[in-house]
Amino acid sequence: MEHISKAMRSYLEGRLQYHMANWQTFVKNPVGVAEHGDFMETLEKELDAIAKYKELIDALDYVNGTPGNLPNILTEGDK
C-alpha cells in the first residue's frame, strides 16, 4: 500500500509543480501568453489548479496520518 501512496504523492507533486511553472511563466512574461484571450482568467485557472493539487496533497497526508500524530485511517480505521 505504501508504494501506491508514494506514487500518488509523486504524481500530485508533479502536477503541482507543472502549474506552478505555468504561473511563474505567465507572471514573469505575460507577453508570452498572447494566445490566451484573457490574461487574468488564465492566471485564475492556474491558481485554481495549484490550489487543487495542494489540497489533494494535504488530503493524502491526512489519510496517511502524516500531519502530526493523526491516525492512518487506512490501517487503523477498523479498530
# chains A, B, ... in the order shown; residues from 1 in each chain; ligands from 1
$ residues_around --residues "A:Glu46" --least-positions-apart "3" --cutoff "10 Å" --atoms "only C-alpha atoms" --output "list in words"
Leu16, Tyr18, His19, Met20, Ala21, Asn22, Trp23, Gln24, Phe26, Met40, Glu41, Thr42, Leu43, Ala49, Ile50, Ala51 and Lys52 of chain A
$ write_last_selection --atoms "N, CA and C atoms" --output "PDB file, in the first residue's frame"
ATOM      1  N   LEU A  16       1.390  19.711  -9.339  1.00  0.00           N
ATOM      2  CA  LEU A  16       1.513  20.990  -8.644  1.00  0.00           C
ATOM      3  C   LEU A  16       2.674  21.796  -9.230  1.00  0.00           C
ATOM      4  N   TYR A  18       3.980  21.540 -12.179  1.00  0.00           N
ATOM      5  CA  TYR A  18       3.612  21.904 -13.545  1.00  0.00           C
ATOM      6  C   TYR A  18       2.837  23.225 -13.553  1.00  0.00           C
ATOM      7  N   HIS A  19       1.835  23.309 -12.696  1.00  0.00           N
ATOM      8  CA  HIS A  19       1.003  24.512 -12.659  1.00  0.00           C
ATOM      9  C   HIS A  19       1.741  25.684 -12.019  1.00  0.00           C
ATOM     10  N   MET A  20       2.637  25.416 -11.079  1.00  0.00           N
ATOM     11  CA  MET A  20       3.461  26.481 -10.505  1.00  0.00           C
ATOM     12  C   MET A  20       4.375  27.074 -11.584  1.00  0.00           C
ATOM     13  N   ALA A  21       4.945  26.211 -12.418  1.00  0.00           N
ATOM     14  CA  ALA A  21       5.807  26.693 -13.504  1.00  0.00           C
ATOM     15  C   ALA A  21       5.010  27.545 -14.489  1.00  0.00           C
ATOM     16  N   ASN A  22       3.788  27.117 -14.811  1.00  0.00           N
ATOM     17  CA  ASN A  22       2.931  27.923 -15.686  1.00  0.00           C
ATOM     18  C   ASN A  22       2.661  29.279 -15.062  1.00  0.00           C
ATOM     19  N   TRP A  23       2.301  29.286 -13.776  1.00  0.00           N
ATOM     20  CA  TRP A  23       2.006  30.533 -13.062  1.00  0.00           C
ATOM     21  C   TRP A  23       3.206  31.485 -13.146  1.00  0.00           C
ATOM     22  N   GLN A  24       4.383  30.961 -12.812  1.00  0.00           N
ATOM     23  CA  GLN A  24       5.585  31.788 -12.799  1.00  0.00           C
ATOM     24  C   GLN A  24       5.910  32.316 -14.195  1.00  0.00           C
ATOM     25  N   PHE A  26       3.741  32.826 -16.681  1.00  0.00           N
ATOM     26  CA  PHE A  26       2.738  33.817 -17.062  1.00  0.00           C
ATOM     27  C   PHE A  26       2.975  35.149 -16.353  1.00  0.00           C
ATOM     28  N   MET A  40      -6.021  37.451 -17.020  1.00  0.00           N
ATOM     29  CA  MET A  40      -6.435  37.211 -15.633  1.00  0.00           C
ATOM     30  C   MET A  40      -7.178  35.887 -15.498  1.00  0.00           C
ATOM     31  N   GLU A  41      -7.972  35.551 -16.489  1.00  0.00           N
ATOM     32  CA  GLU A  41      -8.680  34.266 -16.465  1.00  0.00           C
ATOM     33  C   GLU A  41      -7.686  33.109 -16.523  1.00  0.00           C
ATOM     34  N   THR A  42      -6.656  33.269 -17.339  1.00  0.00           N
ATOM     35  CA  THR A  42      -5.613  32.247 -17.442  1.00  0.00           C
ATOM     36  C   THR A  42      -4.911  32.070 -16.095  1.00  0.00           C
ATOM     37  N   LEU A  43      -4.569  33.196 -15.452  1.00  0.00           N
ATOM     38  CA  LEU A  43      -3.938  33.123 -14.131  1.00  0.00           C
ATOM     39  C   LEU A  43      -4.860  32.470 -13.106  1.00  0.00           C
ATOM     40  N   ALA A  49      -5.801  25.390 -10.229  1.00  0.00           N
ATOM     41  CA  ALA A  49      -5.123  24.090 -10.330  1.00  0.00           C
ATOM     42  C   ALA A  49      -4.091  23.932  -9.219  1.00  0.00           C
ATOM     43  N   ILE A  50      -3.360  25.000  -8.899  1.00  0.00           N
ATOM     44  CA  ILE A  50      -2.383  24.951  -7.805  1.00  0.00           C
ATOM     45  C   ILE A  50      -3.084  24.625  -6.503  1.00  0.00           C
ATOM     46  N   ALA A  51      -4.192  25.299  -6.234  1.00  0.00           N
ATOM     47  CA  ALA A  51      -4.952  25.048  -5.013  1.00  0.00           C
ATOM     48  C   ALA A  51      -5.478  23.615  -4.975  1.00  0.00           C
ATOM     49  N   LYS A  52      -5.952  23.131  -6.107  1.00  0.00           N
ATOM     50  CA  LYS A  52      -6.483  21.768  -6.186  1.00  0.00           C
ATOM     51  C   LYS A  52      -5.424  20.739  -5.809  1.00  0.00           C
TER      52      LYS A  52
END
$ atom_distance --atom1 "atom CA of A:Glu55" --atom2 "atom CA of A:Lys28"
25.0 Å
$ atom_distance --atom1 "atom CA of A:Arg9" --atom2 "atom CA of A:Thr25"
24.1 Å
$ closest_residue --among "A:Met1, A:Ile57, A:Asp48, A:Val63" --to "A:Gly14" --atoms "only C-alpha atoms"
A:Ile57
$ atom_distance --atom1 "atom CA of A:Tyr62" --atom2 "atom CA of A:Tyr11"
16.8 Å
$ decode --residues "stretch 12-48 of chain A" --atoms "N, CA and C atoms" --output "tab-separated table (two decimals), in the first residue's frame"
chain	number	residue	atom	x	y	z
A	12	LEU	N	0.90	13.87	-7.74
A	12	LEU	CA	0.29	15.12	-7.32
A	12	LEU	C	1.33	16.24	-7.23
A	13	GLU	N	2.51	15.93	-6.71
A	13	GLU	CA	3.56	16.94	-6.62
A	13	GLU	C	4.02	17.37	-8.01
A	14	GLY	N	4.06	16.44	-8.94
A	14	GLY	CA	4.42	16.77	-10.31
A	14	GLY	C	3.41	17.70	-10.95
A	15	ARG	N	2.13	17.42	-10.75
A	15	ARG	CA	1.08	18.29	-11.30
A	15	ARG	C	1.13	19.67	-10.66
A	16	LEU	N	1.39	19.71	-9.34
A	16	LEU	CA	1.51	20.99	-8.64
A	16	LEU	C	2.67	21.80	-9.23
A	17	GLN	N	3.81	21.17	-9.42
A	17	GLN	CA	4.97	21.86	-9.97
A	17	GLN	C	4.72	22.33	-11.41
A	18	TYR	N	3.98	21.54	-12.18
A	18	TYR	CA	3.61	21.90	-13.54
A	18	TYR	C	2.84	23.23	-13.55
A	19	HIS	N	1.83	23.31	-12.70
A	19	HIS	CA	1.00	24.51	-12.66
A	19	HIS	C	1.74	25.68	-12.02
A	20	MET	N	2.64	25.42	-11.08
A	20	MET	CA	3.46	26.48	-10.50
A	20	MET	C	4.37	27.07	-11.58
A	21	ALA	N	4.94	26.21	-12.42
A	21	ALA	CA	5.81	26.69	-13.50
A	21	ALA	C	5.01	27.55	-14.49
A	22	ASN	N	3.79	27.12	-14.81
A	22	ASN	CA	2.93	27.92	-15.69
A	22	ASN	C	2.66	29.28	-15.06
A	23	TRP	N	2.30	29.29	-13.78
A	23	TRP	CA	2.01	30.53	-13.06
A	23	TRP	C	3.21	31.49	-13.15
A	24	GLN	N	4.38	30.96	-12.81
A	24	GLN	CA	5.58	31.79	-12.80
A	24	GLN	C	5.91	32.32	-14.19
A	25	THR	N	5.73	31.48	-15.19
A	25	THR	CA	5.99	31.91	-16.57
A	25	THR	C	5.02	33.01	-16.98
A	26	PHE	N	3.74	32.83	-16.68
A	26	PHE	CA	2.74	33.82	-17.06
A	26	PHE	C	2.97	35.15	-16.35
A	27	VAL	N	3.34	35.10	-15.07
A	27	VAL	CA	3.53	36.33	-14.31
A	27	VAL	C	4.81	37.06	-14.73
A	28	LYS	N	5.87	36.30	-14.97
A	28	LYS	CA	7.14	36.92	-15.33
A	28	LYS	C	7.20	37.38	-16.78
A	29	ASN	N	6.41	36.75	-17.65
A	29	ASN	CA	6.47	37.06	-19.08
A	29	ASN	C	5.06	37.04	-19.67
A	30	PRO	N	4.22	38.00	-19.30
A	30	PRO	CA	2.84	37.99	-19.80
A	30	PRO	C	2.73	38.14	-21.31
A	31	VAL	N	3.75	38.67	-21.95
A	31	VAL	CA	3.72	38.81	-23.41
A	31	VAL	C	3.68	37.43	-24.07
A	32	GLY	N	4.28	36.44	-23.43
A	32	GLY	CA	4.30	35.09	-23.96
A	32	GLY	C	2.97	34.38	-23.87
A	33	VAL	N	1.97	35.06	-23.33
A	33	VAL	CA	0.65	34.45	-23.15
A	33	VAL	C	-0.33	35.05	-24.16
A	34	ALA	N	0.19	35.49	-25.28
A	34	ALA	CA	-0.63	36.18	-26.27
A	34	ALA	C	-1.78	35.33	-26.79
A	35	GLU	N	-1.59	34.02	-26.86
A	35	GLU	CA	-2.66	33.17	-27.38
A	35	GLU	C	-3.81	32.98	-26.39
A	36	HIS	N	-3.60	33.44	-25.15
A	36	HIS	CA	-4.66	33.37	-24.15
A	36	HIS	C	-5.43	34.69	-24.18
A	37	GLY	N	-6.71	34.61	-24.48
A	37	GLY	CA	-7.52	35.80	-24.63
A	37	GLY	C	-7.62	36.66	-23.39
A	38	ASP	N	-7.78	36.07	-22.25
A	38	ASP	CA	-7.97	36.80	-21.01
A	38	ASP	C	-6.86	36.40	-20.04
A	39	PHE	N	-5.89	37.29	-19.87
A	39	PHE	CA	-4.72	37.01	-19.04
A	39	PHE	C	-5.13	36.66	-17.61
A	40	MET	N	-6.02	37.45	-17.02
A	40	MET	CA	-6.44	37.21	-15.63
A	40	MET	C	-7.18	35.89	-15.50
A	41	GLU	N	-7.97	35.55	-16.49
A	41	GLU	CA	-8.68	34.27	-16.47
A	41	GLU	C	-7.69	33.11	-16.52
A	42	THR	N	-6.66	33.27	-17.34
A	42	THR	CA	-5.61	32.25	-17.44
A	42	THR	C	-4.91	32.07	-16.09
A	43	LEU	N	-4.57	33.20	-15.45
A	43	LEU	CA	-3.94	33.12	-14.13
A	43	LEU	C	-4.86	32.47	-13.11
A	44	GLU	N	-6.13	32.80	-13.16
A	44	GLU	CA	-7.09	32.22	-12.23
A	44	GLU	C	-7.18	30.70	-12.40
A	45	LYS	N	-7.15	30.24	-13.63
A	45	LYS	CA	-7.20	28.79	-13.89
A	45	LYS	C	-5.96	28.10	-13.34
A	46	GLU	N	-4.80	28.72	-13.51
A	46	GLU	CA	-3.57	28.13	-12.96
A	46	GLU	C	-3.60	28.14	-11.45
A	47	LEU	N	-4.07	29.23	-10.85
A	47	LEU	CA	-4.16	29.32	-9.40
A	47	LEU	C	-5.14	28.28	-8.86
A	48	ASP	N	-6.23	28.07	-9.57
A	48	ASP	CA	-7.21	27.06	-9.18
A	48	ASP	C	-6.58	25.67	-9.21
